[in-house]
file protein-v2.tsv (TSV, C-alpha atoms)
chain	number	residue	atom	x	y	z
R	1	MET	CA	-14.81	78.91	32.89
R	2	SER	CA	-16.19	75.70	34.38
R	3	ARG	CA	-19.62	77.34	34.60
R	4	ALA	CA	-19.40	78.33	30.93
R	5	TRP	CA	-18.56	74.77	29.88
R	6	ALA	CA	-21.37	73.38	32.02
R	7	THR	CA	-23.80	75.84	30.47
R	8	PHE	CA	-22.59	75.00	26.98
R	9	PHE	CA	-23.09	71.26	27.44
R	10	LYS	CA	-26.62	71.86	28.69
R	11	HIS	CA	-27.43	73.27	25.26
R	12	LYS	CA	-28.34	70.10	23.40
R	13	LEU	CA	-28.46	71.68	19.96
R	14	GLY	CA	-25.06	73.25	20.60
R	15	VAL	CA	-23.56	69.89	21.54
R	16	PHE	CA	-25.18	68.32	18.48
R	17	GLY	CA	-23.70	71.03	16.27
R	18	LEU	CA	-20.27	70.55	17.83
R	19	VAL	CA	-20.38	66.80	17.13
R	20	VAL	CA	-21.47	67.37	13.51
R	21	LEU	CA	-18.71	69.93	12.98
R	22	GLY	CA	-16.20	67.53	14.48
R	23	ILE	CA	-17.26	64.86	11.98
R	24	LEU	CA	-17.15	67.30	9.05
R	25	TYR	CA	-13.69	68.62	9.91
R	26	PHE	CA	-12.41	65.10	10.57
R	27	GLY	CA	-13.65	64.13	7.10
R	28	ALA	CA	-11.94	67.17	5.59
R	29	LEU	CA	-8.69	66.42	7.39
R	30	PHE	CA	-8.51	62.79	6.24
R	31	ALA	CA	-10.41	63.11	2.94
R	32	GLU	CA	-8.00	60.99	0.89
R	33	PHE	CA	-8.13	58.11	3.37
R	34	LEU	CA	-11.87	58.22	4.04
R	35	GLY	CA	-12.82	58.56	0.38
R	36	PRO	CA	-12.57	55.30	-1.57
R	37	TYR	CA	-11.16	57.00	-4.68
R	38	ASP	CA	-9.17	59.97	-5.88
R	39	TYR	CA	-11.67	62.83	-6.17
R	40	SER	CA	-10.51	63.58	-9.71
R	41	ALA	CA	-10.37	59.97	-10.97
R	42	THR	CA	-12.85	59.23	-13.75
R	43	ARG	CA	-14.53	55.94	-14.67
R	44	ASP	CA	-16.48	55.97	-17.93
R	45	ALA	CA	-18.71	53.08	-16.86
R	46	TYR	CA	-19.87	55.06	-13.80
R	47	ALA	CA	-20.73	58.33	-15.57
R	48	LYS	CA	-24.04	59.54	-14.12
R	49	ALA	CA	-24.22	56.33	-12.06
R	50	ALA	CA	-26.76	56.20	-9.24
R	51	PRO	CA	-25.53	55.53	-5.69
R	52	SER	CA	-24.30	51.96	-5.35
R	53	ASN	CA	-26.76	49.44	-3.98
R	54	ILE	CA	-24.87	47.58	-1.25
R	55	ARG	CA	-26.18	44.05	-0.98
R	56	TRP	CA	-25.63	41.17	1.43
R	57	PHE	CA	-27.15	38.15	-0.34
R	58	HIS	CA	-26.28	36.74	-3.77
R	59	GLU	CA	-28.62	34.11	-5.20
R	60	GLY	CA	-30.04	33.49	-1.74
R	61	GLN	CA	-26.63	33.02	-0.12
R	62	PHE	CA	-25.23	35.41	2.48
R	63	ILE	CA	-21.75	36.55	1.47
R	64	GLY	CA	-21.43	39.85	3.32
R	65	PRO	CA	-21.54	43.39	1.91
R	66	PHE	CA	-20.86	43.57	-1.81
R	67	VAL	CA	-21.77	45.43	-4.99
R	68	TYR	CA	-22.40	44.32	-8.54
R	69	GLY	CA	-20.58	45.64	-11.56
R	70	VAL	CA	-22.29	48.04	-13.94
R	71	GLU	CA	-22.56	48.49	-17.67
R	72	SER	CA	-23.55	51.41	-19.87
R	73	ALA	CA	-26.84	51.46	-21.75
R	74	ARG	CA	-29.18	53.90	-23.48
R	75	ASP	CA	-32.48	54.91	-21.97
R	76	PRO	CA	-35.12	53.84	-24.55
R	77	GLU	CA	-37.18	56.99	-23.92
R	78	THR	CA	-34.61	59.75	-23.48
R	79	PHE	CA	-31.71	58.06	-25.32
R	80	GLU	CA	-29.39	59.28	-22.57
R	81	LYS	CA	-26.51	57.18	-21.34
R	82	VAL	CA	-27.42	55.33	-18.14
R	83	THR	CA	-25.79	52.65	-16.03
R	84	LYS	CA	-27.37	49.46	-14.82
R	85	GLU	CA	-26.22	46.66	-12.57
R	86	VAL	CA	-24.93	43.40	-13.98
R	87	GLN	CA	-26.13	40.98	-11.33
R	88	THR	CA	-23.82	38.12	-12.20
R	89	THR	CA	-20.62	38.59	-10.21
R	90	PRO	CA	-20.60	39.97	-6.65
R	91	TYR	CA	-17.66	42.15	-5.68
R	92	PRO	CA	-17.10	42.05	-1.90
R	93	LEU	CA	-16.44	45.25	0.02
R	94	GLY	CA	-13.63	45.50	2.52
R	95	LEU	CA	-12.05	47.83	5.05
R	96	PHE	CA	-8.58	49.32	4.66
R	97	VAL	CA	-8.41	48.56	0.96
R	98	LYS	CA	-5.54	49.60	-1.28
R	99	GLY	CA	-6.57	51.84	-4.17
R	100	ASP	CA	-5.73	55.17	-5.77
R	101	LYS	CA	-2.46	56.68	-4.58
R	102	TYR	CA	-2.52	60.02	-2.76
R	103	LEU	CA	-0.49	62.44	-0.68
R	104	LEU	CA	-2.19	62.99	2.68
R	105	TRP	CA	-1.96	66.72	3.51
R	106	GLY	CA	0.29	66.95	0.46
R	107	LEU	CA	3.10	65.31	2.44
R	108	VAL	CA	2.44	61.68	3.37
R	109	PRO	CA	2.18	59.24	0.44
R	110	GLY	CA	-0.33	56.41	0.70
R	111	ASP	CA	-2.76	54.20	-1.15
R	112	LEU	CA	-4.83	52.84	1.76
R	113	HIS	CA	-8.52	53.76	1.88
R	114	LEU	CA	-11.02	53.17	4.66
R	115	PHE	CA	-13.26	51.04	2.46
R	116	GLY	CA	-13.66	49.93	-1.11
R	117	VAL	CA	-14.01	46.98	-3.44
R	118	ALA	CA	-11.27	44.60	-2.35
R	119	GLY	CA	-8.94	43.54	-5.18
R	120	ASN	CA	-11.41	44.12	-8.02
R	121	PRO	CA	-10.59	47.14	-10.19
R	122	GLU	CA	-13.52	46.30	-12.51
R	123	ALA	CA	-16.13	47.38	-9.96
R	124	ALA	CA	-16.46	50.38	-7.69
R	125	VAL	CA	-18.62	51.48	-4.77
R	126	TYR	CA	-20.09	54.95	-5.24
R	127	LEU	CA	-21.95	55.71	-2.01
R	128	MET	CA	-23.35	58.96	-3.38
R	129	GLY	CA	-23.33	58.18	-7.08
R	130	GLY	CA	-21.16	59.50	-9.89
R	131	ASP	CA	-21.09	62.77	-11.79
R	132	GLN	CA	-21.18	63.22	-15.56
R	133	PHE	CA	-17.49	62.30	-15.83
R	134	GLY	CA	-17.75	59.18	-13.69
R	135	ARG	CA	-16.11	60.72	-10.61
R	136	ASP	CA	-17.13	59.56	-7.15
R	137	VAL	CA	-19.38	62.24	-5.61
R	138	PHE	CA	-18.67	61.08	-2.04
R	139	SER	CA	-14.89	61.42	-2.48
R	140	ARG	CA	-15.40	64.83	-4.11
R	141	ILE	CA	-17.61	66.03	-1.26
R	142	LEU	CA	-14.92	65.05	1.26
R	143	SER	CA	-12.25	66.89	-0.72
R	144	GLY	CA	-14.54	69.87	-1.32
R	145	SER	CA	-15.16	70.20	2.41
R	146	ARG	CA	-11.55	71.30	2.83
R	147	ILE	CA	-12.08	74.38	0.70
R	148	SER	CA	-15.55	75.28	1.96
R	149	LEU	CA	-14.87	74.73	5.66
R	150	SER	CA	-11.40	76.27	5.70
R	151	ALA	CA	-12.50	79.27	3.63
R	152	GLY	CA	-15.24	79.94	6.18
R	153	VAL	CA	-12.83	79.85	9.13
R	154	LEU	CA	-9.98	81.71	7.44
R	155	GLY	CA	-12.25	84.35	5.96
R	156	THR	CA	-13.94	84.93	9.33
R	157	LEU	CA	-10.57	85.17	11.10
R	158	ILE	CA	-9.29	87.79	8.67
R	159	SER	CA	-12.50	89.82	8.75
R	160	LEU	CA	-12.57	89.60	12.56
R	161	ILE	CA	-9.02	90.93	12.86
R	162	ILE	CA	-9.68	93.75	10.38
R	163	GLY	CA	-13.03	94.67	11.91
R	164	ALA	CA	-11.78	94.54	15.50
R	165	PHE	CA	-8.78	96.81	14.90
R	166	ILE	CA	-10.58	99.29	12.66
R	167	GLY	CA	-13.52	99.45	15.07
R	168	ALA	CA	-11.24	99.86	18.08
R	169	LEU	CA	-9.23	102.63	16.40
R	170	SER	CA	-12.41	104.38	15.27
R	171	GLY	CA	-13.92	104.33	18.73
R	172	TYR	CA	-10.68	105.18	20.54
R	173	TYR	CA	-9.73	108.23	18.47
R	174	GLY	CA	-13.23	109.46	17.62
R	175	GLY	CA	-13.61	112.78	15.84
R	176	ILE	CA	-13.09	113.12	12.08
R	177	PHE	CA	-11.35	109.73	11.84
R	178	ASP	CA	-14.33	108.01	13.46
R	179	SER	CA	-16.81	109.84	11.19
R	180	ALA	CA	-14.86	108.92	8.06
R	181	ILE	CA	-14.69	105.24	9.01
R	182	GLN	CA	-18.40	105.08	9.83
R	183	ARG	CA	-19.40	106.77	6.57
R	184	LEU	CA	-17.21	104.32	4.63
R	185	ILE	CA	-18.87	101.39	6.40
R	186	GLU	CA	-22.33	102.77	5.64
R	187	VAL	CA	-21.49	103.14	1.94
R	188	LEU	CA	-20.10	99.61	1.69
R	189	ARG	CA	-23.02	98.13	3.59
R	190	SER	CA	-25.49	99.83	1.25
R	191	PHE	CA	-24.41	97.61	-1.65
R	192	PRO	CA	-26.21	94.27	-2.07
R	193	ARG	CA	-23.88	91.58	-0.79
R	194	ILE	CA	-23.99	89.02	-3.62
R	195	PRO	CA	-23.43	91.53	-6.48
R	196	LEU	CA	-20.56	93.06	-4.49
R	197	TRP	CA	-19.05	89.59	-3.98
R	198	LEU	CA	-19.30	88.92	-7.70
R	199	ALA	CA	-17.82	92.29	-8.62
R	200	LEU	CA	-14.83	91.68	-6.37
R	201	ALA	CA	-14.45	88.09	-7.59
R	202	LEU	CA	-14.21	89.38	-11.18
R	203	ILE	CA	-11.07	91.28	-10.19
R	204	ILE	CA	-9.25	88.00	-9.48
R	205	PRO	CA	-7.42	86.87	-12.66
R	206	PRO	CA	-8.77	83.48	-13.77
R	207	THR	CA	-5.26	82.50	-14.85
R	208	TRP	CA	-4.03	82.44	-11.25
R	209	PRO	CA	-3.03	79.03	-9.89
R	210	SER	CA	-5.54	77.27	-7.65
R	211	THR	CA	-3.82	78.24	-4.39
R	212	LEU	CA	-3.77	81.96	-5.18
R	213	LEU	CA	-7.33	81.77	-6.46
R	214	TYR	CA	-8.41	80.23	-3.15
R	215	LEU	CA	-6.66	82.99	-1.19
R	216	GLY	CA	-8.26	85.58	-3.45
R	217	ILE	CA	-11.74	84.23	-2.72
R	218	VAL	CA	-11.00	84.29	1.02
R	219	ILE	CA	-9.91	87.94	0.80
R	220	VAL	CA	-13.06	88.82	-1.16
R	221	LEU	CA	-15.21	87.27	1.56
R	222	SER	CA	-13.22	89.02	4.28
R	223	PHE	CA	-13.63	92.40	2.59
R	224	ILE	CA	-17.38	92.20	3.12
R	225	GLY	CA	-17.45	90.57	6.55
R	226	TRP	CA	-15.47	93.03	8.68
R	227	MET	CA	-17.93	95.91	8.67
R	228	GLY	CA	-20.47	94.54	11.14
R	229	VAL	CA	-17.73	93.64	13.60
R	230	ALA	CA	-16.19	97.10	13.28
R	231	ARG	CA	-19.49	98.83	14.11
R	232	VAL	CA	-20.04	96.85	17.29
R	233	VAL	CA	-16.40	97.01	18.43
R	234	ARG	CA	-16.44	100.75	17.87
R	235	GLY	CA	-19.45	101.15	20.16
R	236	MET	CA	-17.89	98.98	22.87
R	237	THR	CA	-14.62	100.93	22.60
R	238	LEU	CA	-16.44	104.24	23.11
R	239	SER	CA	-17.58	102.88	26.47
R	240	LEU	CA	-14.32	101.20	27.48
R	241	ARG	CA	-12.06	104.18	26.72
R	242	GLU	CA	-13.66	106.10	29.60
R	243	LYS	CA	-12.97	103.38	32.14
R	244	ASP	CA	-10.50	103.98	34.97
R	245	PHE	CA	-8.04	101.31	33.89
R	246	ILE	CA	-7.73	102.95	30.44
R	247	HIS	CA	-7.05	106.35	32.04
R	248	ALA	CA	-4.48	104.70	34.32
R	249	ALA	CA	-2.74	103.16	31.32
R	250	ARG	CA	-2.58	106.53	29.57
R	251	ILE	CA	-1.13	108.20	32.68
R	252	ALA	CA	1.47	105.42	32.89
R	253	GLY	CA	2.58	106.28	29.36
R	254	VAL	CA	1.20	103.21	27.60
R	255	GLY	CA	0.87	103.78	23.85
R	256	THR	CA	-2.29	103.51	21.79
R	257	GLY	CA	-1.34	100.15	20.28
R	258	PRO	CA	-0.77	98.37	23.61
R	259	ILE	CA	-3.90	99.94	25.11
R	260	ILE	CA	-6.01	98.55	22.25
R	261	THR	CA	-4.37	95.12	22.10
R	262	ARG	CA	-3.83	94.54	25.84
R	263	HIS	CA	-6.72	96.34	27.48
R	264	ILE	CA	-9.61	97.07	25.10
R	265	LEU	CA	-9.80	94.06	22.77
R	266	PRO	CA	-9.29	91.43	25.54
R	267	ASN	CA	-12.38	92.85	27.27
R	268	MET	CA	-14.35	92.04	24.11
R	269	SER	CA	-13.07	88.47	23.77
R	270	GLY	CA	-16.45	86.94	24.63
R	271	TYR	CA	-18.21	88.97	21.95
R	272	LEU	CA	-15.50	88.28	19.37
R	273	ILE	CA	-15.68	84.53	19.97
R	274	VAL	CA	-19.45	84.52	19.55
R	275	VAL	CA	-19.46	86.72	16.45
R	276	ALA	CA	-16.73	84.56	14.89
R	277	THR	CA	-18.77	81.41	15.38
R	278	LEU	CA	-21.91	83.02	13.97
R	279	SER	CA	-20.06	84.59	11.02
R	280	ILE	CA	-18.53	81.39	9.67
R	281	PRO	CA	-21.85	80.16	8.15
R	282	GLY	CA	-22.12	83.37	6.14
R	283	MET	CA	-18.58	82.86	4.84
R	284	ILE	CA	-19.34	79.26	3.85
R	285	LEU	CA	-22.47	80.39	2.01
R	286	GLY	CA	-20.51	83.19	0.37
R	287	GLU	CA	-17.84	80.84	-0.99
R	288	SER	CA	-20.51	78.41	-2.15
R	289	THR	CA	-22.42	81.19	-3.90
R	290	ILE	CA	-19.37	82.55	-5.72
R	291	SER	CA	-18.24	79.06	-6.79
R	292	PHE	CA	-21.78	78.07	-7.80
R	293	LEU	CA	-21.97	81.09	-10.10
R	294	GLY	CA	-18.64	80.16	-11.70
R	295	LEU	CA	-16.47	82.95	-10.26
R	296	GLY	CA	-14.92	81.08	-7.35
R	297	ILE	CA	-12.96	77.87	-7.00
R	298	LYS	CA	-12.01	76.27	-10.31
R	299	GLU	CA	-10.96	72.78	-11.33
R	300	PRO	CA	-8.80	70.89	-10.42
R	301	MET	CA	-9.72	72.13	-6.93
R	302	THR	CA	-13.24	71.52	-5.75
R	303	SER	CA	-15.63	72.88	-3.16
R	304	TRP	CA	-19.24	72.30	-2.17
R	305	GLY	CA	-20.36	75.30	-4.21
R	306	LEU	CA	-18.49	74.10	-7.29
R	307	LEU	CA	-20.03	70.64	-6.90
R	308	LEU	CA	-23.50	72.16	-6.70
R	309	LYS	CA	-22.85	73.94	-9.99
R	310	GLN	CA	-23.41	70.60	-11.74
R	311	ALA	CA	-27.05	70.61	-10.58
R	312	GLN	CA	-28.12	73.90	-12.15
R	313	SER	CA	-30.82	72.56	-14.46
R	314	ILE	CA	-34.12	70.87	-13.66
R	315	GLY	CA	-33.28	68.06	-16.05
R	316	VAL	CA	-30.07	67.21	-14.20
R	317	ILE	CA	-31.83	67.33	-10.84
R	318	GLN	CA	-34.54	64.99	-12.10
R	319	SER	CA	-32.13	62.45	-13.58
R	320	GLN	CA	-29.30	62.80	-11.04
R	321	PRO	CA	-30.77	64.03	-7.74
R	322	TRP	CA	-27.67	62.85	-5.84
R	323	LEU	CA	-25.77	65.83	-7.29
R	324	MET	CA	-27.72	67.97	-4.80
R	325	LEU	CA	-26.03	66.22	-1.85
R	326	PRO	CA	-23.31	68.91	-1.47
R	327	GLY	CA	-26.15	71.28	-0.60
R	328	VAL	CA	-27.08	68.99	2.29
R	329	PHE	CA	-23.54	69.25	3.65
R	330	ILE	CA	-23.64	73.05	3.32
R	331	MET	CA	-26.91	73.09	5.26
R	332	LEU	CA	-25.49	70.81	7.98
R	333	ALA	CA	-22.38	72.96	8.39
R	334	VAL	CA	-24.33	76.24	8.51
R	335	LEU	CA	-26.90	74.94	11.00
R	336	SER	CA	-24.19	73.38	13.17
R	337	PHE	CA	-22.19	76.60	13.37
R	338	ASN	CA	-25.35	78.51	14.25
R	339	PHE	CA	-26.21	76.01	17.00
R	340	VAL	CA	-22.68	76.19	18.40
R	341	GLY	CA	-22.68	79.99	18.21
R	342	ASP	CA	-25.97	80.20	20.11
R	343	ALA	CA	-24.63	77.83	22.76
R	344	ILE	CA	-21.40	79.80	23.17
R	345	ARG	CA	-23.34	83.07	23.41
R	346	ASP	CA	-25.49	81.64	26.19
R	347	ALA	CA	-22.47	80.13	27.94
R	348	LEU	CA	-20.54	83.41	27.96
R	349	ASP	CA	-23.55	85.46	29.10
R	350	PRO	CA	-23.19	85.78	32.88
R	351	TYR	CA	-26.84	86.75	33.25
R	352	GLY	CA	-28.25	84.34	30.66
R	353	THR	CA	-29.95	81.05	31.19
R	354	VAL	CA	-30.14	78.11	28.89
R	355	ASP	CA	-33.42	76.36	28.48
R	356	LYS	CA	-33.25	72.62	28.43
R	357	LEU	CA	-34.15	71.68	24.88

call {"tool": "encode", "arguments": {"input": "protein-v2.tsv", "output": "structure tokens"}}
result
Amino acid sequence: MSRAWATFFKHKLGVFGLVVLGILYFGALFAEFLGPYDYSATRDAYAKAAPSNIRWFHEGQFIGPFVYGVESARDPETFEKVTKEVQTTPYPLGLFVKGDKYLLWGLVPGDLHLFGVAGNPEAAVYLMGGDQFGRDVFSRILSGSRISLSAGVLGTLISLIIGAFIGALSGYYGGIFDSAIQRLIEVLRSFPRIPLWLALALIIPPTWPSTLLYLGIVIVLSFIGWMGVARVVRGMTLSLREKDFIHAARIAGVGTGPIITRHILPNMSGYLIVVATLSIPGMILGESTISFLGLGIKEPMTSWGLLLKQAQSIGVIQSQPWLMLPGVFIMLAVLSFNFVGDAIRDALDPYGTVDKL
């Protein structure tokens, strides 16, 4: 184990990915505190507002970090509503500022935020701009990370459990049962993934509450993800079932269930850990795709895919490029999981070597 950890920490990209994932999950865990505003709070003056310009000097005098207020105006060329700074009154920024009330983890009430405009409700600091309703994009990205990141982990866990047990049973019993399972997998894998996701997502009633809708999306993602795991586990089981310790367990009267759970699957733990880490990015992309196409997470919940849905047109991207920022977070999460998965694979490979990157 110590060798595996040493090998992992030699993989610089893997360590980098682990740090990034730690930051992302920390942000998801404390989204209400880290975000300066409630993710659903609207401010008409900040509709389609560009990211706040944090300044340090006002009229040549240093007063620390602050922002100016904004006012609505009409673009003389496009006649669209835009916001512009009113550079008259500076509004200082502060740490641990009281603001919108929230329930941390749905349990702990609070109104303290990591940063914000101290004591001035007239102004706001939008680090990543505002959407068309005047909601803070940064606060919404933090809240959306909970859905996207947890759906990836939960969906992978469910698909891993399903795939591991079906694959182990298929390989252990063999015969007609094995042939039937493998033909079913081949049929399911022959369908294009995104249309199959969408077809399954359409089964979920849109009238379901947000929590059930979230669980439904996770189940849809899991239904697709288990097949690859089952194929590999089945092949490994075909080899393991002929080992001496499996024959000894049978002679001792151990049942099929305990043999699979106590003897076969534990010998695949290294593979299962690696495949889990490498499968999470696909789950995150799947949730983002379904939500982006309007068949996934719905308001009042939010996710990275749902946030990206606002940037579907070229006109919106040109006038509000900051609405593409959720895509950057998706990319960071996917790359980080891939880096970590590669590092874990190298660390658990007793014959592998890790090049110093």

call {"tool": "closest_residue", "arguments": {"input": "protein-v2.tsv", "among": "R:Arg231, R:Lys48, R:Arg3, R:Lys298", "to": "Asp136 of chain R", "atoms": "all atoms listed in the file"}}
result
R:Lys48

call {"tool": "residues_near_point", "arguments": {"input": "protein-v2.tsv", "point": "(-23.7, 72.5, 0.6)", "cutoff": "10 Å", "atoms": "all atoms listed in the file", "output": "VMD selection string"}}
result
chain R and resid 141 144 to 145 148 284 to 285 288 to 289 303 to 308 324 to 334

call {"tool": "atom_distance", "arguments": {"input": "protein-v2.tsv", "atom1": "atom CA of Ala28 of chain R", "atom2": "atom CA of Ala201 of chain R"}}
result
24.9 Å

call {"tool": "residues_around", "arguments": {"input": "protein-v2.tsv", "residues": "Ile158 of chain R", "least_positions_apart": "2", "cutoff": "10 Å", "atoms": "only C-alpha atoms", "output": "short mmCIF file (atom, residue, chain, number, x, y, z; two decimals) with C-alpha atoms, keeping the file's coordinate frame"}}
result
data_model
loop_
_atom_site.label_atom_id
_atom_site.label_comp_id
_atom_site.auth_asym_id
_atom_site.auth_seq_id
_atom_site.Cartn_x
_atom_site.Cartn_y
_atom_site.Cartn_z
CA VAL R 153 -12.83 79.85 9.13
CA LEU R 154 -9.98 81.71 7.44
CA GLY R 155 -12.25 84.35 5.96
CA THR R 156 -13.94 84.93 9.33
CA LEU R 160 -12.57 89.60 12.56
CA ILE R 161 -9.02 90.93 12.86
CA ILE R 162 -9.68 93.75 10.38
CA GLY R 163 -13.03 94.67 11.91
CA ALA R 164 -11.78 94.54 15.50
CA VAL R 218 -11.00 84.29 1.02
CA ILE R 219 -9.91 87.94 0.80
CA LEU R 221 -15.21 87.27 1.56
CA SER R 222 -13.22 89.02 4.28
CA PHE R 223 -13.63 92.40 2.59
CA GLY R 225 -17.45 90.57 6.55
CA TRP R 226 -15.47 93.03 8.68
#

call {"tool": "closest_residue", "arguments": {"input": "protein-v2.tsv", "among": "R:Tyr126, R:Ser336, R:Phe138, R:Ser313", "to": "Tyr25 of chain R", "atoms": "only C-alpha atoms"}}
result
R:Ser336

call {"tool": "axis_aligned_box", "arguments": {"input": "protein-v2.tsv", "around": "segment 99-116 of chain R", "padding_each_side": "4 Å", "output": "JSON"}}
result
{"center_x": -5.3, "center_y": 58.4, "center_z": -0.6, "size_x": 24.8, "size_y": 25.0, "size_z": 18.4}
